[in-house]
Structures are given as C-alpha cells and as structure tokens.
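Worksheet: the structure to be examined is printed underneath.
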Amino acid sequence: MFFKPLSSTMAVMAETRLHVIARVFFSCLFACMLLIVIAGIAQHTYSEVFMYSTLALLWWHFTFAKRQVTFDLQSQQITIKISSLYLLTQQVIPIRNIAALQLRSRASSGNGGRAYELLIVMHTQTEPLKFEFGGLYQMQSLGKQIADFCNIPFLNQLD
C-alpha cells in the first residue's frame, strides 16, 4: 500500500496496482478451476459439493477484499476498514493517543530474506499495534510520510 494525501487534512493508504492485478489474476485462475470442477458436479458426493461451494464463497470474498486506511486530521482519527462484499471490521485509532510510529525488523520465516514492520506505539498500551509490513525502503518511506502528515515521531529501530 502507498500513502496518498488528498488534502491538507485527509489522506488514504491505497493498494498498489500490482496488488490489484495479482488479486484479479488469482481470482480468475481460481474461478476457471472451479468451473472445471463444477462441470462434472454430478459425479461428486454431497460432502465434496459442500466443500466446493465453501471454496467458491471464499473465492468470492477474496475477489472483493479491500483494506482501506483513512487519515483524518480534522477528527484526529486513523480509520482502518476491512471489507469484502460487506464491512468485515473497522478500527478507529485516535491520533492524539499515538506516541510514535516505529520501524523494526520482523522475524523472518527462514528464507534468508529480511522483512520489516511498521508499528503504532500508543501512550496507553504496552504492546504496539502492528500496522503494515514489507521491504525496508517501502516501510521507511511509508513511516516517514505518515509521521510527517500526522505530526508524530518516527522511530527507526534499525539505525
């Protein structure tokens, strides 16, 4: 996701074009596989039909899944919405309760690569909120942009 200011008081985090293209590609690929299976549905048992219909439902949600992050300086809130065909969850974080944004190295899954996460450190919580993860340059850039826009400190734990 990348940070996009809309005005001096509003900004959003939008999906990159690569994310959208990848989701559409995998969604179409899965739809084709599902259509091939459905063509021979008469020879399947009821439990298999139930499994395929459940997979079709999950595919449908995957196709329309969207994460929307809105930064509103006027109301002093960061709103994170996750939706598919309907709203799945919504989290509102008051900007005045944020102590800092923190960048730190993320535990990697043994592939030798490095991953980094951007965390929101709150005044009232001992454990920071996980906000975003990705490559080093991407997370440094995103953290600096958000910190500058919201006027909060940015802590780079890697320096």
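By order in the structure tokens, chains are A, B, ...; within a chain, residues start at 1; ligands start at 1, following the order shown.
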With a distance cut-off of 6 Å and only C-alpha atoms, select the neighbouring residues of segment 70-81 of chain A, excluding the residue or stretch itself and same-chain residues fewer than 5 positions from it, and output the selection as a ChimeraX atom specification. /A:9-12,89-95
DSSP strand (DSSP E or B) residues within segment 32-145 of chain A, as an MDAnalysis selection string: chainID A and resid 66:72 77:83 87:94 98:106 115:122 129:134
Using only C-alpha atoms, can you tell me which of A:Ala14, A:Phe2, A:Phe64, A:His123 comes closest to Gln145 of chain A? A:Phe2
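Pairwise distance (atom CA of Leu118 of chain A, atom CA of Glu132 of chain A) equals 5.1 Å.
The residue that comes closest to Gln102 of chain A, out of A:Ile152, A:Ala22, A:Leu88, A:Ala56 and on the basis of only C-alpha atoms, is A:Ile152.
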